[in-house]
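Below you'll find the structure, written out as structure tokens, and then a few comments.
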Amino acid sequence: MDLPTVALWNETVPFHHQHGDRGARVTPTETGTRPRVAGERELEILEATLAVLDEVGYDLLTMDAVASRAKASKATLYRRWKGKPELVVAAIMAHKGEAVVPDTGTLRGDLLAAYCGSGGLNDPIAQTVLTAVVTAMGRDPEFAEVYRRDFIAPKVATSRAIYERARERGEVHPDVDLSILAPSLAGIVLHRAFLLGDAVTPELVGRVLDEVILPAALRGPAPSAPDR
């Protein structure tokens, strides 16, 4: 009896670039390893993970619940992801999409492009997921480590690249501390969303840019107060 065939998994390519390309077809005995989850099947599992996360939060999310929602075995999940933290972070990253540094020609345009749209601050799914993530980071050190490493670090690098390029164009004062300024946009917008109940819209993001971020970027730090 012929063995079923499976697609080779390319570990170096993000799953969203593999739709329609299932790779070479081989049998498990030809690879010498268990078949991996890839392509559209991986996408289905990651979408199921976000759905369960949205319904029950991180604490109550289990590999069994995701497997049931995705109509997969738990063993299938463990072939691709080490555990729950890695699976949840992978699902969040999949929804956000590959990190791309916008290049609109202006700092304002780049920040609007980076923070609005699918997976951005005004994405309802992203907001729901963030609520679960903030809670999880305070309770699960392993998840916090994976999330900071795999999700936050690339976002910080993208933001830094946007501001550095703007500095080269003369839109950011040479003395501005980017480690303080760069996270400020997300911090202000999320404060208004979670604590004040404001809807996150491109208009709100634009107001924060025009009234706080861009003036601070151009003006630079205030002079130090003289010692008394």
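Note on naming: chains are A, B, ... as they come in the structure tokens, residues start from 1 per chain, ligands start from 1 in the order shown.
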Residue contacts of stretch 148-159 of chain A (10 Å, only C-alpha atoms) excluding same-chain residues fewer than 5 positions away, as a ChimeraX atom specification: /A:86,89-90,92-93,96,98-102,110-111,114-115,137,143,164,178-179,182-183
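With only C-alpha atoms taken into account, the protein and nucleic acid residues at most 7 Å from stretch 73-77 of chain A (excluding it and anything under 6 positions from it in its own chain) are Met63, Asp64 and Ala67 of chain A.
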Atoms to include: N, CA and C atoms. Write the selected residues as a short mmCIF file (atom, residue, chain, number, x, y, z; two decimals), in the first residue's frame.
data_model
loop_
_atom_site.label_atom_id
_atom_site.label_comp_id
_atom_site.auth_asym_id
_atom_site.auth_seq_id
_atom_site.Cartn_x
_atom_site.Cartn_y
_atom_site.Cartn_z
N MET A 63 -3.85 23.35 24.34
CA MET A 63 -3.52 22.73 23.06
C MET A 63 -4.67 21.83 22.61
N ASP A 64 -5.34 21.19 23.57
CA ASP A 64 -6.49 20.34 23.23
C ASP A 64 -7.60 21.17 22.60
N ALA A 67 -6.60 22.15 19.08
CA ALA A 67 -6.65 20.99 18.21
C ALA A 67 -8.09 20.66 17.84
#
Taking only C-alpha atoms into account, produce a table as JSON lines in which each residue of stretch 42-134 of chain A with an atom at most 9 Å from an atom of stretch 185-200 of chain A appears once, together with its shortest atom pair and the distance in Å to one decimal, ordered by chain and rising number.
{"residue": "A:Leu111", "atom": "CA", "partner": "A:Leu185", "partner_atom": "CA", "distance": 8.8}
{"residue": "A:Tyr115", "atom": "CA", "partner": "A:Ala186", "partner_atom": "CA", "distance": 8.0}
{"residue": "A:Leu121", "atom": "CA", "partner": "A:Val200", "partner_atom": "CA", "distance": 6.7}
{"residue": "A:Asn122", "atom": "CA", "partner": "A:Val200", "partner_atom": "CA", "distance": 4.9}
{"residue": "A:Asp123", "atom": "CA", "partner": "A:Val200", "partner_atom": "CA", "distance": 8.2}
{"residue": "A:Pro124", "atom": "CA", "partner": "A:Val200", "partner_atom": "CA", "distance": 8.8}
{"residue": "A:Gln127", "atom": "CA", "partner": "A:Ala193", "partner_atom": "CA", "distance": 8.9}
{"residue": "A:Thr131", "atom": "CA", "partner": "A:Phe194", "partner_atom": "CA", "distance": 8.6}
File dump, residues just selected, C-alpha atoms, as a short mmCIF file (atom, residue, chain, number, x, y, z; two decimals), in the first residue's frame:
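Result file is part_8.cif:
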data_model
loop_
_atom_site.label_atom_id
_atom_site.label_comp_id
_atom_site.auth_asym_id
_atom_site.auth_seq_id
_atom_site.Cartn_x
_atom_site.Cartn_y
_atom_site.Cartn_z
CA LEU A 111 3.94 55.81 11.29
CA TYR A 115 0.28 51.50 13.14
CA LEU A 121 -3.55 49.54 16.61
CA ASN A 122 -6.97 50.06 15.01
CA ASP A 123 -7.45 46.37 14.15
CA PRO A 124 -10.27 45.00 16.40
CA GLN A 127 -6.93 44.91 20.27
CA THR A 131 -5.90 42.35 26.13
#
Helix (DSSP H, G or I) residues, from DSSP on the backbone, in stretch 116-228 of chain A, as a PyMOL selection string: chain A and resi 124-139+141-168+178-181+184-194+202-219
Test item, strand (DSSP E) assignment across chain A, answer as a ChimeraX atom specification: /A:6-7,25-26
Can those selected residues be exported to a file as a PDB file, in the first residue's frame so that it contains all heavy atoms?
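So the final result, stored in result_23.pdb, reads:
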ATOM      1  N   VAL A   6       3.435  14.001   1.870  1.00  0.00           N
ATOM      2  CA  VAL A   6       3.337  15.242   2.631  1.00  0.00           C
ATOM      3  C   VAL A   6       4.228  16.279   1.992  1.00  0.00           C
ATOM      4  O   VAL A   6       5.153  15.960   1.254  1.00  0.00           O
ATOM      5  CB  VAL A   6       3.774  15.035   4.101  1.00  0.00           C
ATOM      6  CG1 VAL A   6       2.854  14.074   4.799  1.00  0.00           C
ATOM      7  CG2 VAL A   6       5.214  14.546   4.179  1.00  0.00           C
ATOM      8  N   ALA A   7       3.946  17.559   2.274  1.00  0.00           N
ATOM      9  CA  ALA A   7       4.750  18.638   1.712  1.00  0.00           C
ATOM     10  C   ALA A   7       5.958  18.891   2.586  1.00  0.00           C
ATOM     11  O   ALA A   7       5.869  18.880   3.807  1.00  0.00           O
ATOM     12  CB  ALA A   7       3.919  19.917   1.601  1.00  0.00           C
ATOM     13  N   ARG A  25       6.822  16.817  -3.197  1.00  0.00           N
ATOM     14  CA  ARG A  25       5.990  15.817  -2.554  1.00  0.00           C
ATOM     15  C   ARG A  25       6.841  14.582  -2.256  1.00  0.00           C
ATOM     16  O   ARG A  25       7.436  13.991  -3.142  1.00  0.00           O
ATOM     17  CB  ARG A  25       4.815  15.418  -3.451  1.00  0.00           C
ATOM     18  CG  ARG A  25       3.968  16.588  -3.932  1.00  0.00           C
ATOM     19  CD  ARG A  25       3.246  17.237  -2.798  1.00  0.00           C
ATOM     20  NE  ARG A  25       2.163  16.410  -2.307  1.00  0.00           N
ATOM     21  CZ  ARG A  25       1.301  16.811  -1.393  1.00  0.00           C
ATOM     22  NH1 ARG A  25       1.396  18.020  -0.876  1.00  0.00           N
ATOM     23  NH2 ARG A  25       0.344  16.010  -0.976  1.00  0.00           N
ATOM     24  N   VAL A  26       6.938  14.229  -0.998  1.00  0.00           N
ATOM     25  CA  VAL A  26       7.754  13.089  -0.599  1.00  0.00           C
ATOM     26  C   VAL A  26       7.004  12.270   0.427  1.00  0.00           C
ATOM     27  O   VAL A  26       6.013  12.716   1.000  1.00  0.00           O
ATOM     28  CB  VAL A  26       9.101  13.554   0.012  1.00  0.00           C
ATOM     29  CG1 VAL A  26       9.916  14.326  -0.995  1.00  0.00           C
ATOM     30  CG2 VAL A  26       8.863  14.383   1.263  1.00  0.00           C
TER      31      VAL A  26
END
Contact residues around A:Asp59 with only C-alpha atoms at 9 Å, ignoring same-chain residues under 2 positions, as a count of residues only: 10
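Nearest-residue note for A:Val133: choosing from A:Val88, A:Ala113, A:Ile162, A:Ala72, the minimum distance belongs to A:Val88, counting only C-alpha atoms.
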Hey, what's within 9 Å of A:Gly220 if we count only C-alpha atoms and toss same-chain stuff fewer than 3 positions away? As a tab-separated table (two decimals) with all heavy atoms, in the first residue's frame, please?
chain	number	residue	atom	x	y	z
A	172	VAL	N	13.70	64.47	12.60
A	172	VAL	CA	13.90	64.13	14.02
A	172	VAL	C	15.16	64.82	14.51
A	172	VAL	O	16.22	64.73	13.88
A	172	VAL	CB	14.02	62.60	14.21
A	172	VAL	CG1	14.31	62.27	15.67
A	172	VAL	CG2	12.74	61.90	13.76
A	173	HIS	N	15.04	65.53	15.62
A	173	HIS	CA	16.17	66.25	16.21
A	173	HIS	C	17.30	65.27	16.54
A	173	HIS	O	17.04	64.16	17.02
A	173	HIS	CB	15.70	66.96	17.48
A	173	HIS	CG	16.66	67.95	18.02
A	173	HIS	ND1	17.78	67.59	18.75
A	173	HIS	CD2	16.69	69.32	17.95
A	173	HIS	CE1	18.44	68.66	19.11
A	173	HIS	NE2	17.80	69.74	18.63
A	174	PRO	N	18.55	65.66	16.32
A	174	PRO	CA	19.67	64.74	16.58
A	174	PRO	C	19.76	64.26	18.02
A	174	PRO	O	20.28	63.17	18.28
A	174	PRO	CB	20.90	65.60	16.22
A	174	PRO	CG	20.40	66.64	15.29
A	174	PRO	CD	18.98	66.93	15.71
A	175	ASP	N	19.26	65.06	18.97
A	175	ASP	CA	19.40	64.70	20.38
A	175	ASP	C	18.21	63.93	20.94
A	175	ASP	O	18.21	63.59	22.14
A	175	ASP	CB	19.61	65.96	21.23
A	175	ASP	CG	20.92	66.66	20.89
A	175	ASP	OD1	21.86	65.98	20.46
A	175	ASP	OD2	20.99	67.90	21.05
A	176	VAL	N	17.22	63.64	20.14
A	176	VAL	CA	16.06	62.90	20.63
A	176	VAL	C	16.47	61.47	21.00
A	176	VAL	O	17.18	60.79	20.24
A	176	VAL	CB	14.95	62.86	19.56
A	176	VAL	CG1	13.91	61.79	19.90
A	176	VAL	CG2	14.26	64.21	19.46
A	177	ASP	N	16.02	61.02	22.16
A	177	ASP	CA	16.27	59.65	22.60
A	177	ASP	C	15.17	58.76	22.00
A	177	ASP	O	14.03	58.78	22.46
A	177	ASP	CB	16.24	59.58	24.13
A	177	ASP	CG	16.60	58.20	24.65
A	177	ASP	OD1	16.63	57.25	23.85
A	177	ASP	OD2	16.85	58.09	25.87
A	215	PRO	N	5.84	67.00	16.97
A	215	PRO	CA	6.49	68.15	17.61
A	215	PRO	C	7.67	67.74	18.51
A	215	PRO	O	8.71	68.39	18.51
A	215	PRO	CB	5.36	68.79	18.42
A	215	PRO	CG	4.11	68.40	17.71
A	215	PRO	CD	4.38	67.00	17.21
A	216	ALA	N	7.48	66.66	19.27
A	216	ALA	CA	8.57	66.20	20.14
A	216	ALA	C	9.77	65.73	19.33
A	216	ALA	O	10.92	65.97	19.70
A	216	ALA	CB	8.08	65.07	21.04
A	217	ALA	N	9.49	65.08	18.21
A	217	ALA	CA	10.58	64.59	17.36
A	217	ALA	C	11.39	65.74	16.79
A	217	ALA	O	12.62	65.70	16.75
A	217	ALA	CB	10.02	63.73	16.23
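When only C-alpha atoms are used to measure the gap to A:Asp210, the shortest distance among A:Gly97, A:Gly120, A:Gly109, A:Gly138 belongs to A:Gly109.
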